[in-house]
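Engineer: Submitted below is the structure of interest, expressed as C-alpha cells.
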Amino acid sequence: MPITLYYAPMSPPARAVLLLIKELGLAGIKLKEVDTMGGGTRTEEFLKMNPEHTIPTLDDNGFYLWESRAILTYLVDAYRPGHELYPNIPREKALINRVLHHELSSFNPKTLGQMIPFFRRQTSVVTDEMKAKINEAFSNLELFLIRNDWFAGEKVTIADLCILPTIASMAHAGFDLSPYPRLAAWYDNCKVLKGYQDDEAAAQQVGGFFRSLVTEGL
C-alpha cells in the first residue's frame, strides 16, 4: 500500500513535508487533503491515527506519525538514508536538529503563534507587541546565517525546508524581511528548491487571508 500524507494546502508544517517529497522525488506518496476547518481532523478515523488531530499526519502502512519535524527526519532516514538533506554524519545532523528544535520551541510560537488569534477571529489588530516578537524571531534566524548561506551549513537541508513555509507566509502577510539581509538573501536562494513555486502560491493564499482579517497595524 502507498504511504499517505494527510495535509492542508495552506498549513506551513504540511508544506514543509511537501517540499521534502518534491526534493527527494518520492513519487509513491499519496496526498490526501483534509478539511481542517470542516472537522476533517476530528473524525473517528483520523483520531485513531492521530489523537492530537494535527496536520500533517503520515500513514506509512499502519505506522502513524505526526509532527512535521518528525515526519521530515523519518522520510529521509527511511527512504533516502544518508541523503545530504539529513546526512548520517553526527555533527551535521546535530546542526540540523538544532534548527528544527529552535523552529519548534522559539521561532514558530513567535511567528505563526502570533497569527492564530486572527484566524480564530479573536483580534484584528497587529499590535506593537506582536511585531516585536516577530522581529525578535527574524533577528534570531539571522544569527544562523552569519557563517553560511543555509541554516545548517553550505547545503540545503531539511532545516531550510522546515522554515521556508513560515517565512514565505509571513512575508506575504506583510511582515518586512528587508531589515534582515541574510534572511532575505536566504529566502531568495530558496528559489532553487523544486517545490518553491508551489509553496509560494500557498504562501500568497495564507498572506492574503491574514491581511483580510487585519483592520489595523500592518
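Going by the C-alpha cells order, chains are called A, B, ..., each with residues numbered from 1, while ligands are numbered from 1 in the order shown.
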Name all residues at most 10 Å from A:Thr166 (count only C-alpha atoms; drop same-chain ones fewer than 4 positions away) and give them as a list in words.
Structural biologist: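 Selected residues are Ser11, Pro12, Pro13, Arg15, Ala16, Glu103, Phe107, Asn108, Thr111, Leu112, Leu161, Cys162, Met170, Ala171, His172, Ala203 and Val206 of chain A.
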Engineer: Please, which residues in stretch 7-70 of chain A fall within 12 Å of stretch 135-157 of chain A when counting only C-alpha atoms, and what is the closest atom pair and distance in Å to one decimal for each, ordered by chain then residue number, as JSON lines?
Structural biologist:
```
{"residue": "A:Ala16", "atom": "CA", "partner": "A:Thr157", "partner_atom": "CA", "distance": 11.4}
{"residue": "A:Leu19", "atom": "CA", "partner": "A:Thr157", "partner_atom": "CA", "distance": 11.0}
{"residue": "A:Leu20", "atom": "CA", "partner": "A:Thr157", "partner_atom": "CA", "distance": 9.3}
{"residue": "A:Glu23", "atom": "CA", "partner": "A:Thr157", "partner_atom": "CA", "distance": 10.1}
{"residue": "A:Leu24", "atom": "CA", "partner": "A:Thr157", "partner_atom": "CA", "distance": 11.2}
```
Engineer: Restricted to N, CA and C atoms, what would the selected residues look like written as a short mmCIF file (atom, residue, chain, number, x, y, z; two decimals), in the first residue's frame?
Structural biologist:
```cif
data_model
loop_
_atom_site.label_atom_id
_atom_site.label_comp_id
_atom_site.auth_asym_id
_atom_site.auth_seq_id
_atom_site.Cartn_x
_atom_site.Cartn_y
_atom_site.Cartn_z
N ALA A 16 6.06 22.05 4.53
CA ALA A 16 7.46 21.64 4.70
C ALA A 16 7.65 20.20 4.24
N LEU A 19 7.49 20.01 0.48
CA LEU A 19 8.78 20.43 -0.10
C LEU A 19 9.77 19.27 -0.09
N LEU A 20 9.81 18.52 0.99
CA LEU A 20 10.73 17.39 1.08
C LEU A 20 10.37 16.31 0.07
N GLU A 23 11.61 17.42 -3.20
CA GLU A 23 13.06 17.48 -3.25
C GLU A 23 13.66 16.09 -3.36
N LEU A 24 13.06 15.11 -2.69
CA LEU A 24 13.56 13.73 -2.74
C LEU A 24 13.01 12.96 -3.93
#
```
Engineer: At a cut-off of 10 Å, using only C-alpha atoms, what residues contact A:Cys190? Leave out same-chain residues fewer than 3 positions from it and give the result as a list of chain:residue names.
Structural biologist: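 The residues that qualify are A:Trp150, A:Val156, A:Asp160, A:Leu161, A:Leu164, A:Ala185, A:Trp186, A:Tyr187, A:Leu193, A:Lys194, A:Gly195, A:Tyr196, A:Gln197.
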Engineer: May I have the selected residues written with N, CA, C and O atoms, as an mmCIF file, in the first residue's frame?
Structural biologist:
```cif
data_model
loop_
_atom_site.group_PDB
_atom_site.id
_atom_site.type_symbol
_atom_site.label_atom_id
_atom_site.label_comp_id
_atom_site.auth_asym_id
_atom_site.auth_seq_id
_atom_site.Cartn_x
_atom_site.Cartn_y
_atom_site.Cartn_z
ATOM 1 N N TRP A 150 22.946 28.639 4.192
ATOM 2 C CA TRP A 150 21.777 27.866 4.560
ATOM 3 C C TRP A 150 21.772 27.663 6.075
ATOM 4 O O TRP A 150 22.775 27.896 6.739
ATOM 5 N N VAL A 156 21.513 22.916 1.198
ATOM 6 C CA VAL A 156 20.121 22.837 1.632
ATOM 7 C C VAL A 156 19.928 21.580 2.470
ATOM 8 O O VAL A 156 20.421 20.508 2.138
ATOM 9 N N ASP A 160 16.113 23.981 6.296
ATOM 10 C CA ASP A 160 15.615 25.040 5.422
ATOM 11 C C ASP A 160 14.185 24.760 4.973
ATOM 12 O O ASP A 160 13.351 25.670 4.915
ATOM 13 N N LEU A 161 13.900 23.494 4.671
ATOM 14 C CA LEU A 161 12.550 23.132 4.243
ATOM 15 C C LEU A 161 11.547 23.364 5.370
ATOM 16 O O LEU A 161 10.390 23.718 5.119
ATOM 17 N N LEU A 164 11.107 27.476 5.545
ATOM 18 C CA LEU A 164 10.661 28.237 4.381
ATOM 19 C C LEU A 164 9.162 28.530 4.373
ATOM 20 O O LEU A 164 8.772 29.687 4.139
ATOM 21 N N ALA A 185 18.194 37.241 1.765
ATOM 22 C CA ALA A 185 19.004 36.575 0.741
ATOM 23 C C ALA A 185 18.745 35.076 0.735
ATOM 24 O O ALA A 185 18.666 34.448 -0.334
ATOM 25 N N TRP A 186 18.620 34.497 1.924
ATOM 26 C CA TRP A 186 18.305 33.064 2.019
ATOM 27 C C TRP A 186 16.965 32.766 1.345
ATOM 28 O O TRP A 186 16.848 31.802 0.582
ATOM 29 N N TYR A 187 15.971 33.578 1.626
ATOM 30 C CA TYR A 187 14.643 33.398 1.034
ATOM 31 C C TYR A 187 14.741 33.433 -0.490
ATOM 32 O O TYR A 187 14.120 32.613 -1.190
ATOM 33 N N LEU A 193 14.764 25.435 -4.962
ATOM 34 C CA LEU A 193 14.067 24.244 -4.491
ATOM 35 C C LEU A 193 12.981 23.830 -5.480
ATOM 36 O O LEU A 193 12.293 24.671 -6.069
ATOM 37 N N LYS A 194 12.808 22.540 -5.627
ATOM 38 C CA LYS A 194 11.869 22.013 -6.619
ATOM 39 C C LYS A 194 10.428 22.392 -6.312
ATOM 40 O O LYS A 194 9.617 22.544 -7.222
ATOM 41 N N GLY A 195 10.104 22.536 -5.046
ATOM 42 C CA GLY A 195 8.734 22.866 -4.689
ATOM 43 C C GLY A 195 8.511 24.323 -4.361
ATOM 44 O O GLY A 195 7.448 24.679 -3.832
ATOM 45 N N TYR A 196 9.492 25.168 -4.692
ATOM 46 C CA TYR A 196 9.417 26.581 -4.290
ATOM 47 C C TYR A 196 8.182 27.278 -4.842
ATOM 48 O O TYR A 196 7.476 27.976 -4.106
ATOM 49 N N GLN A 197 7.910 27.128 -6.128
ATOM 50 C CA GLN A 197 6.797 27.851 -6.742
ATOM 51 C C GLN A 197 5.465 27.429 -6.151
ATOM 52 O O GLN A 197 4.591 28.274 -5.891
#
```
Engineer: For atom CA of A:Lys133 and atom CA of A:Arg182, determine how far apart the two atoms are, in Å to one decimal place.
Structural biologist: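 Atom CA of A:Arg182 lies 18.7 Å from atom CA of A:Lys133.
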Engineer: So, counting only C-alpha atoms, which residue among A:Leu18, A:Tyr7, A:Glu200, A:Tyr79 is closest to A:Thr54?
Structural biologist: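 Closest to A:Thr54 of all the choices is A:Tyr7.
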Engineer: Kindly indicate which residue among A:Ala70, A:Ile163, A:Ile89, A:Val126 lies nearest to A:Ser106, using only C-alpha atoms for the distances.
Structural biologist: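 Ranking A:Ala70, A:Ile163, A:Ile89, A:Val126 by distance to A:Ser106, first place goes to A:Ile163.
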Engineer: Need the shell around A:Pro2: protein/DNA/RNA residues with any atom at most 8 Å away, counting only C-alpha atoms. Skip same-chain ones fewer than 3 positions apart. Format as number ranges by chain?
Structural biologist: A: 28-30, 60-61
Engineer: Please indicate the distance in Å from atom CA of A:Phe210 to atom CA of A:Ser68, rounded to one decimal place.
Structural biologist: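 Spanning atom CA of A:Phe210 to atom CA of A:Ser68 is a straight-line distance of 22.2 Å.
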Engineer: Quick one: pick out all alpha helix (DSSP H) residues within stretch 2-148 of chain A from a backbone DSSP run and write them as a tab-separated table (two decimals) with N, CA, C and O atoms, in the first residue's frame.
Structural biologist:
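The result, written out as result_4.tsv:
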```tsv
chain	number	residue	atom	x	y	z
A	12	PRO	N	1.72	25.64	6.96
A	12	PRO	CA	3.19	25.66	6.81
A	12	PRO	C	3.86	24.35	7.21
A	12	PRO	O	4.76	23.88	6.48
A	13	PRO	N	3.50	23.70	8.32
A	13	PRO	CA	4.15	22.43	8.64
A	13	PRO	C	3.91	21.36	7.56
A	13	PRO	O	4.83	20.61	7.20
A	14	ALA	N	2.68	21.31	7.04
A	14	ALA	CA	2.40	20.35	5.97
A	14	ALA	C	3.18	20.70	4.71
A	14	ALA	O	3.70	19.82	4.00
A	15	ARG	N	3.30	21.99	4.43
A	15	ARG	CA	4.03	22.42	3.23
A	15	ARG	C	5.51	22.07	3.32
A	15	ARG	O	6.16	21.79	2.31
A	16	ALA	N	6.06	22.05	4.53
A	16	ALA	CA	7.46	21.64	4.70
A	16	ALA	C	7.65	20.20	4.24
A	16	ALA	O	8.63	19.86	3.58
A	17	VAL	N	6.70	19.33	4.58
A	17	VAL	CA	6.78	17.94	4.17
A	17	VAL	C	6.59	17.82	2.66
A	17	VAL	O	7.27	17.02	1.99
A	18	LEU	N	5.69	18.62	2.09
A	18	LEU	CA	5.51	18.61	0.64
A	18	LEU	C	6.80	19.03	-0.07
A	18	LEU	O	7.15	18.47	-1.12
A	19	LEU	N	7.49	20.01	0.48
A	19	LEU	CA	8.78	20.43	-0.10
A	19	LEU	C	9.77	19.27	-0.09
A	19	LEU	O	10.49	19.05	-1.08
A	20	LEU	N	9.81	18.52	0.99
A	20	LEU	CA	10.73	17.39	1.08
A	20	LEU	C	10.37	16.31	0.07
A	20	LEU	O	11.26	15.76	-0.59
A	21	ILE	N	9.08	16.01	-0.05
A	21	ILE	CA	8.65	14.98	-1.01
A	21	ILE	C	9.10	15.32	-2.41
A	21	ILE	O	9.61	14.47	-3.15
A	22	LYS	N	8.96	16.59	-2.78
A	22	LYS	CA	9.39	17.03	-4.11
A	22	LYS	C	10.90	17.00	-4.24
A	22	LYS	O	11.45	16.58	-5.27
A	23	GLU	N	11.61	17.42	-3.20
A	23	GLU	CA	13.06	17.48	-3.25
A	23	GLU	C	13.66	16.09	-3.36
A	23	GLU	O	14.66	15.88	-4.06
A	24	LEU	N	13.06	15.11	-2.69
A	24	LEU	CA	13.56	13.73	-2.74
A	24	LEU	C	13.01	12.96	-3.93
A	24	LEU	O	13.52	11.89	-4.26
A	44	GLU	N	-13.65	9.98	13.60
A	44	GLU	CA	-13.19	8.80	14.33
A	44	GLU	C	-11.99	8.16	13.63
A	44	GLU	O	-11.03	7.74	14.28
A	45	GLU	N	-12.04	8.12	12.30
A	45	GLU	CA	-10.94	7.52	11.53
A	45	GLU	C	-9.64	8.27	11.74
A	45	GLU	O	-8.58	7.68	11.97
A	46	PHE	N	-9.72	9.62	11.69
A	46	PHE	CA	-8.50	10.41	11.83
A	46	PHE	C	-7.95	10.33	13.25
A	46	PHE	O	-6.74	10.21	13.45
A	47	LEU	N	-8.82	10.39	14.24
A	47	LEU	CA	-8.37	10.36	15.63
A	47	LEU	C	-7.71	9.04	16.00
A	47	LEU	O	-6.88	8.99	16.90
A	48	LYS	N	-8.07	7.97	15.32
A	48	LYS	CA	-7.40	6.69	15.55
A	48	LYS	C	-5.94	6.76	15.11
A	48	LYS	O	-5.07	6.12	15.70
A	49	MET	N	-5.69	7.54	14.07
A	49	MET	CA	-4.31	7.71	13.60
A	49	MET	C	-3.57	8.73	14.45
A	49	MET	O	-2.40	8.53	14.79
A	68	SER	N	5.49	17.63	12.05
A	68	SER	CA	6.17	17.76	10.76
A	68	SER	C	7.67	17.50	10.83
A	68	SER	O	8.25	16.90	9.91
A	69	ARG	N	8.30	17.92	11.92
A	69	ARG	CA	9.76	17.73	12.02
A	69	ARG	C	10.10	16.26	12.13
A	69	ARG	O	11.10	15.79	11.57
A	70	ALA	N	9.28	15.51	12.86
A	70	ALA	CA	9.48	14.06	12.95
A	70	ALA	C	9.26	13.40	11.60
A	70	ALA	O	9.99	12.47	11.23
A	71	ILE	N	8.26	13.87	10.87
A	71	ILE	CA	7.99	13.31	9.54
A	71	ILE	C	9.15	13.60	8.59
A	71	ILE	O	9.57	12.73	7.81
A	72	LEU	N	9.69	14.80	8.64
A	72	LEU	CA	10.82	15.16	7.78
A	72	LEU	C	12.00	14.22	8.00
A	72	LEU	O	12.57	13.67	7.04
A	73	THR	N	12.37	14.03	9.25
A	73	THR	CA	13.54	13.19	9.54
A	73	THR	C	13.24	11.73	9.21
A	73	THR	O	14.11	11.01	8.70
A	74	TYR	N	12.03	11.29	9.48
A	74	TYR	CA	11.66	9.89	9.21
A	74	TYR	C	11.73	9.57	7.73
A	74	TYR	O	12.28	8.52	7.33
A	75	LEU	N	11.17	10.43	6.90
A	75	LEU	CA	11.13	10.14	5.46
A	75	LEU	C	12.54	10.02	4.88
A	75	LEU	O	12.79	9.16	4.03
A	76	VAL	N	13.44	10.88	5.32
A	76	VAL	CA	14.82	10.77	4.83
A	76	VAL	C	15.47	9.49	5.35
A	76	VAL	O	16.04	8.71	4.58
A	77	ASP	N	15.39	9.27	6.65
A	77	ASP	CA	16.04	8.09	7.24
A	77	ASP	C	15.47	6.79	6.69
A	77	ASP	O	16.19	5.81	6.51
A	78	ALA	N	14.17	6.76	6.43
A	78	ALA	CA	13.53	5.52	5.99
A	78	ALA	C	13.66	5.28	4.49
A	78	ALA	O	13.80	4.13	4.05
A	79	TYR	N	13.64	6.35	3.68
A	79	TYR	CA	13.55	6.16	2.24
A	79	TYR	C	14.71	6.74	1.44
A	79	TYR	O	14.88	6.41	0.27
A	90	PRO	N	27.10	12.66	12.40
A	90	PRO	CA	26.60	13.18	13.67
A	90	PRO	C	26.64	14.69	13.82
A	90	PRO	O	25.65	15.30	14.27
A	91	ARG	N	27.75	15.33	13.48
A	91	ARG	CA	27.83	16.77	13.69
A	91	ARG	C	26.91	17.54	12.73
A	91	ARG	O	26.30	18.54	13.11
A	92	GLU	N	26.84	17.07	11.48
A	92	GLU	CA	25.95	17.73	10.53
A	92	GLU	C	24.50	17.54	10.92
A	92	GLU	O	23.68	18.46	10.84
A	93	LYS	N	24.18	16.33	11.38
A	93	LYS	CA	22.81	16.05	11.81
A	93	LYS	C	22.47	16.88	13.06
A	93	LYS	O	21.34	17.36	13.20
A	94	ALA	N	23.43	17.06	13.93
A	94	ALA	CA	23.20	17.86	15.14
A	94	ALA	C	22.89	19.30	14.79
A	94	ALA	O	22.01	19.93	15.42
A	95	LEU	N	23.58	19.86	13.81
A	95	LEU	CA	23.31	21.24	13.40
A	95	LEU	C	21.91	21.38	12.83
A	95	LEU	O	21.22	22.38	13.06
A	96	ILE	N	21.49	20.37	12.07
A	96	ILE	CA	20.14	20.38	11.51
A	96	ILE	C	19.11	20.28	12.63
A	96	ILE	O	18.14	21.04	12.68
A	97	ASN	N	19.35	19.34	13.55
A	97	ASN	CA	18.42	19.16	14.66
A	97	ASN	C	18.31	20.42	15.52
A	97	ASN	O	17.23	20.74	16.04
A	98	ARG	N	19.41	21.12	15.67
A	98	ARG	CA	19.39	22.36	16.44
A	98	ARG	C	18.40	23.36	15.84
A	98	ARG	O	17.62	24.00	16.56
A	99	VAL	N	18.41	23.47	14.52
A	99	VAL	CA	17.48	24.39	13.85
A	99	VAL	C	16.05	23.90	14.00
A	99	VAL	O	15.13	24.69	14.26
A	100	LEU	N	15.83	22.59	13.85
A	100	LEU	CA	14.48	22.04	13.98
A	100	LEU	C	13.92	22.32	15.37
A	100	LEU	O	12.75	22.69	15.53
A	101	HIS	N	14.76	22.14	16.40
A	101	HIS	CA	14.31	22.40	17.77
A	101	HIS	C	14.05	23.89	17.99
A	101	HIS	O	13.10	24.26	18.69
A	102	HIS	N	14.90	24.72	17.43
A	102	HIS	CA	14.70	26.17	17.56
A	102	HIS	C	13.40	26.58	16.87
A	102	HIS	O	12.64	27.40	17.40
A	108	ASN	N	8.55	29.30	15.76
A	108	ASN	CA	7.14	29.07	15.43
A	108	ASN	C	6.19	29.81	16.37
A	108	ASN	O	5.26	30.50	15.92
A	109	PRO	N	6.39	29.73	17.71
A	109	PRO	CA	5.48	30.46	18.60
A	109	PRO	C	5.51	31.97	18.40
A	109	PRO	O	4.50	32.64	18.61
A	110	LYS	N	6.68	32.51	18.01
A	110	LYS	CA	6.80	33.96	17.86
A	110	LYS	C	6.29	34.46	16.51
A	110	LYS	O	6.15	35.67	16.32
A	112	LEU	N	4.02	32.16	13.62
A	112	LEU	CA	2.70	31.60	13.38
A	112	LEU	C	1.83	31.66	14.63
A	112	LEU	O	0.62	31.86	14.54
A	113	GLY	N	2.45	31.49	15.78
A	113	GLY	CA	1.70	31.55	17.03
A	113	GLY	C	1.03	32.89	17.24
A	113	GLY	O	-0.04	32.97	17.87
A	114	GLN	N	1.63	33.96	16.70
A	114	GLN	CA	1.04	35.29	16.82
A	114	GLN	C	-0.15	35.48	15.89
A	114	GLN	O	-0.99	36.35	16.10
A	115	MET	N	-0.23	34.65	14.84
A	115	MET	CA	-1.28	34.81	13.84
A	115	MET	C	-2.55	34.04	14.19
A	115	MET	O	-3.63	34.34	13.68
A	116	ILE	N	-2.43	33.05	15.06
A	116	ILE	CA	-3.57	32.19	15.38
A	116	ILE	C	-4.79	32.98	15.87
A	116	ILE	O	-5.92	32.72	15.43
A	117	PRO	N	-4.63	33.97	16.77
A	117	PRO	CA	-5.82	34.72	17.22
A	117	PRO	C	-6.57	35.41	16.09
A	117	PRO	O	-7.79	35.60	16.18
A	118	PHE	N	-5.87	35.77	15.01
A	118	PHE	CA	-6.54	36.38	13.86
A	118	PHE	C	-7.39	35.35	13.14
A	118	PHE	O	-8.55	35.62	12.79
A	119	PHE	N	-6.83	34.16	12.92
A	119	PHE	CA	-7.57	33.11	12.24
A	119	PHE	C	-8.78	32.64	13.06
A	119	PHE	O	-9.77	32.18	12.50
A	128	ASP	N	2.00	46.37	18.60
A	128	ASP	CA	3.44	46.56	18.67
A	128	ASP	C	4.11	45.36	19.34
A	128	ASP	O	5.22	44.98	18.98
A	129	GLU	N	3.43	44.76	20.31
A	129	GLU	CA	3.97	43.58	20.98
A	129	GLU	C	4.11	42.41	20.00
A	129	GLU	O	5.12	41.70	20.01
A	130	MET	N	3.12	42.23	19.16
A	130	MET	CA	3.19	41.18	18.15
A	130	MET	C	4.35	41.41	17.19
A	130	MET	O	5.12	40.50	16.87
A	131	LYS	N	4.47	42.66	16.73
A	131	LYS	CA	5.56	42.99	15.82
A	131	LYS	C	6.91	42.75	16.48
A	131	LYS	O	7.85	42.27	15.83
A	132	ALA	N	7.02	43.07	17.76
A	132	ALA	CA	8.29	42.89	18.48
A	132	ALA	C	8.68	41.42	18.54
A	132	ALA	O	9.84	41.06	18.36
A	133	LYS	N	7.71	40.55	18.78
A	133	LYS	CA	8.01	39.13	18.84
A	133	LYS	C	8.42	38.59	17.48
A	133	LYS	O	9.34	37.77	17.37
A	134	ILE	N	7.74	39.04	16.43
A	134	ILE	CA	8.09	38.59	15.09
A	134	ILE	C	9.47	39.09	14.71
A	134	ILE	O	10.29	38.35	14.14
A	135	ASN	N	9.77	40.34	15.02
A	135	ASN	CA	11.10	40.89	14.71
A	135	ASN	C	12.19	40.17	15.50
A	135	ASN	O	13.29	39.94	14.98
A	136	GLU	N	11.89	39.79	16.73
A	136	GLU	CA	12.86	39.02	17.52
A	136	GLU	C	13.11	37.66	16.87
A	136	GLU	O	14.25	37.21	16.79
A	137	ALA	N	12.05	37.04	16.38
A	137	ALA	CA	12.19	35.74	15.71
A	137	ALA	C	13.05	35.87	14.46
A	137	ALA	O	13.93	35.03	14.21
A	138	PHE	N	12.82	36.91	13.67
A	138	PHE	CA	13.62	37.13	12.47
A	138	PHE	C	15.08	37.41	12.83
A	138	PHE	O	16.00	36.91	12.17
A	139	SER	N	15.29	38.23	13.85
A	139	SER	CA	16.65	38.56	14.27
A	139	SER	C	17.41	37.31	14.70
A	139	SER	O	18.60	37.15	14.39
A	140	ASN	N	16.73	36.43	15.42
A	140	ASN	CA	17.38	35.20	15.86
A	140	ASN	C	17.76	34.31	14.68
A	140	ASN	O	18.82	33.68	14.69
A	141	LEU	N	16.92	34.28	13.66
A	141	LEU	CA	17.24	33.48	12.48
A	141	LEU	C	18.46	34.03	11.75
A	141	LEU	O	19.25	33.26	11.17
A	142	GLU	N	18.61	35.35	11.77
A	142	GLU	CA	19.79	35.95	11.13
A	142	GLU	C	21.08	35.36	11.70
A	142	GLU	O	22.07	35.18	10.97
A	143	LEU	N	21.08	35.02	12.98
A	143	LEU	CA	22.29	34.50	13.63
A	143	LEU	C	22.71	33.15	13.05
A	143	LEU	O	23.89	32.81	13.05
A	144	PHE	N	21.75	32.37	12.59
A	144	PHE	CA	22.07	31.07	12.00
A	144	PHE	C	22.75	31.21	10.64
A	144	PHE	O	23.34	30.26	10.13
```
